[in-house]
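In what follows, a single structure is set out as structure tokens and then discussed.
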Number of protein chains: 2
Amino acid sequence: MPELRIDPIVGRHVYIAEDRAGRPQDYADVEDVPSRRVNCPFCAGHEDETPAAAAETLGADGEWHVRVVPNKYPALADRGVAAGVHEVIIESPRHVAALPELDQGQLARVLAMHRDRLRSCAAQPELAAGLVFKNSGHRAGASLEHIHSQLVALPYVPETLAAELAAAERLIADSHCCPFCDLIAAERTADQRIIMEADGFVALAAYAGRQPYETWILPTAHSADFLAIDAHGCDAAAQILLKLTAALEHVAPGAAYNLLLHTAPFAERGAPHFHWHWELVPRLSQFAGLELGGGVYINPLAPEHAAKELRGVIER
Amino acid sequence: MPELRIDPIVGRHVYIAEDRAGRPQDYADVEDVPSRRVNCPFCAGHEDETPAAAAETLGADGEWHVRVVPNKYPALADRGVAAGVHEVIIESPRHVAALPELDQGQLARVLAMHRDRLRSCAAQPELAAGLVFKNSGHRAGASLEHIHSQLVALPYVPETLAAELAAAERLIADSHCCPFCDLIAAERTADQRIIMEADGFVALAAYAGRQPYETWILPTAHSADFLAIDAHGCDAAAQILLKLTAALEHVAPGAAYNLLLHTAPFAERGAPHFHWHWELVPRLSQFAGLELGGGVYINPLAPEHAAKELRGVIER
């Protein structure tokens, strides 16, 4: 029997409908077949194929480890006209495609770069909020395979973040506690959807996940502001992200996903009602008419079962 | 220079960024390759492979032309527990995949069936709103190729429809006119995004379309309520939908799309601020991190150019 779940923060409606998993299909599944380009513009040695770097993390040998370039095909006008920032963070000089191919130190450097670039955006008074996201795999919208993420900063608070903040503000008026802190406490008590907890971070199978294996990663201590993360936090966050993405690859080989950083708008970095986090949204089925037309989602895998599977892989 | 557009009704943010169309890709485009199943459960003669029909349109020969079955893998519990309705409308007894393969009379029968099934839902007091949608092609979420649409009726007003209604209600407070009627008048004056107008319907390239060729089809006379459409209206609507989908196939061969019927909730069928319409959303690029994380869309084709292309095909 399908179960209607309502997201505890934003109120999104999701039907957990496990019997749909076995439905017949006459379309073959579309595979994400990576093509490893010989002339990848993001590989070390090809720096002249991208715009000049906006920032770099250099190793002891003077070579770059993380490189930030303005998006060559920007969705937003460049900062010269104050409309926004759109940058690509190249996460490795080597041609690798997946997060688990990075080591923990390298991913920590990437996260520190996300923080630093967001801080630089926050210092520009015309910018209101920043988004960091990774599109991994063609079905998740990636156009280039070489491991990278993107940063977009906007002169307004984007719709999804604004709605989440408004919902959280309504919730704190009742409970007088950050609703995300409340959620972590409730999930610890329920003990059904926690995938792992380590070094100040917790990973949860989202109660009303839109897709199988949708996972939220949150710092256990209250903080609205990813920009305040320190070096130890980057290292701990890198560890949990690597374990989770490796476990996802194990339970759903080749799965595309979006990894979405939610952090408070620059003017609300101290918000008592917001709590920064990542949402890891696999793209195992297409968002279709019901999702686009109604904002109603169907998830064929119960989050409790997803948590159990992922936990099993991680604990092994 | 990318241009930020804000949808005049729901306020969605879309960047029109035409220079992105030429960006390099190292993933090949995923093609929708239809596989015509020998044993398609939706073809005439295979009725025993689906649940018993909830409704049928019969021809003079006693054979069915349109057949409605409960979804065998329903997202919603069946109406026995009053949680909702989920039906599949099989739009032809023959194994065809695309709307332009239907003739106008057949599509008019399908639209009349949509209306009749929605009326039947509206008569159930526990149901609040109905959605009709078509997922055409794998990238749009179709799992079976045989031409069909789906009807979902819910005991609440789904999020997307609720947001659109609320926005329209705010707008009418200022202008004292249905904002969709206002939109049609403004588009006629601007004369840049009208694709065609015939027999009481108009097709517009959406001002802030999320995808290339996103088109809205509206009745030109005010009506919140698709359930009130008459036989002549079904025929006229069928004509415009066939022309548009044939033109889309011409400019973007094999394009997947979602066709989404927006009609007022059952308790607001006379709403002065709402106006029923279809939104035809091609799925030429994946919704990715920016869309999921921010609710921000990027469209690489200006709606004015899309309108011109589609108009050119239709007028030929």
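Chain lettering (A, B, ...) mirrors the order of the structure tokens, residue numbering begins at 1 for each chain separately, and ligand numbering begins at 1 in order of display.
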Non-local contacts of Gln124 in chain B (12 Å; only C-alpha atoms; under 5 positions in same chain excluded) as a PDB file with C-alpha atoms, in the first residue's frame:
ATOM      1  CA  ARG B  79     -10.221   4.737  -4.277  1.00  0.00           C
ATOM      2  CA  GLY B  80     -11.356   2.026  -1.923  1.00  0.00           C
ATOM      3  CA  ALA B  82     -10.155   7.233  -0.562  1.00  0.00           C
ATOM      4  CA  ALA B  83      -6.520   8.216  -0.922  1.00  0.00           C
ATOM      5  CA  GLY B  84      -6.669   9.029  -4.594  1.00  0.00           C
ATOM      6  CA  VAL B  85      -7.182   7.874  -8.160  1.00  0.00           C
ATOM      7  CA  ARG B 117     -12.912  10.979 -15.883  1.00  0.00           C
ATOM      8  CA  LEU B 118     -12.112  14.273 -14.163  1.00  0.00           C
ATOM      9  CA  ARG B 119     -15.854  14.920 -13.806  1.00  0.00           C
ATOM     10  CA  ALA B 129      -8.059  18.198  -7.558  1.00  0.00           C
ATOM     11  CA  GLY B 130      -7.141  16.262 -10.671  1.00  0.00           C
ATOM     12  CA  ALA B 153      -6.802  12.812  -8.517  1.00  0.00           C
ATOM     13  CA  LEU B 154      -5.832  13.690  -4.974  1.00  0.00           C
ATOM     14  CA  PRO B 155      -7.512  14.488  -1.669  1.00  0.00           C
ATOM     15  CA  PHE B 266     -12.813  20.909  -7.966  1.00  0.00           C
ATOM     16  CA  ALA B 267     -13.998  23.457  -5.390  1.00  0.00           C
TER      17      ALA B 267
END
Within 9 Å of His277 in chain B, counting only C-alpha atoms, which residues show up once you throw out same-chain ones fewer than 6 positions away? Write them as a PDB file with C-alpha atoms, in the first residue's frame, please.
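Once written, part_20.pdb looks like this:
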ATOM      1  CA  TRP B 216       1.378  26.949 -23.259  1.00  0.00           C
ATOM      2  CA  ILE B 217      -1.971  26.231 -24.900  1.00  0.00           C
ATOM      3  CA  LEU B 218      -4.924  28.190 -23.521  1.00  0.00           C
ATOM      4  CA  PRO B 219      -8.563  28.727 -24.452  1.00  0.00           C
ATOM      5  CA  ALA B 224     -10.902  28.012 -15.026  1.00  0.00           C
ATOM      6  CA  PHE B 226     -11.348  22.096 -18.302  1.00  0.00           C
ATOM      7  CA  LEU B 260       0.568  18.910 -18.331  1.00  0.00           C
ATOM      8  CA  LEU B 261      -3.072  19.888 -17.921  1.00  0.00           C
ATOM      9  CA  HIS B 262      -3.606  22.639 -15.366  1.00  0.00           C
ATOM     10  CA  THR B 263      -7.259  22.943 -14.360  1.00  0.00           C
TER      11      THR B 263
END
- Message: Quick check for you: according to DSSP on this backbone, which residues of range 69-239 of chain B are classed as alpha helix (DSSP H)? Reply as a PyMOL selection string.
- Response: chain B and resi 104-122+159-175+179-190+231-239
- Task: May I have the residues within 9 Å of His250 in chain A as a PyMOL selection string, using only C-alpha atoms and disregarding those fewer than 5 positions away in the same chain?
- Result: chain A and resi 245+310+313
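The shell of residues at most 7 Å from Gly293 in chain A, with only C-alpha atoms counted and near chain neighbours (fewer than 2 positions) removed, consists of Gly289, Leu290, Glu291 and Gly295 of chain A; Thr160 and Leu260 of chain B.
With distances taken over only C-alpha atoms, A:Leu4 is the one residue among A:Leu4, A:Ile240, A:Ile147, A:Val202 lying closest to chain B.
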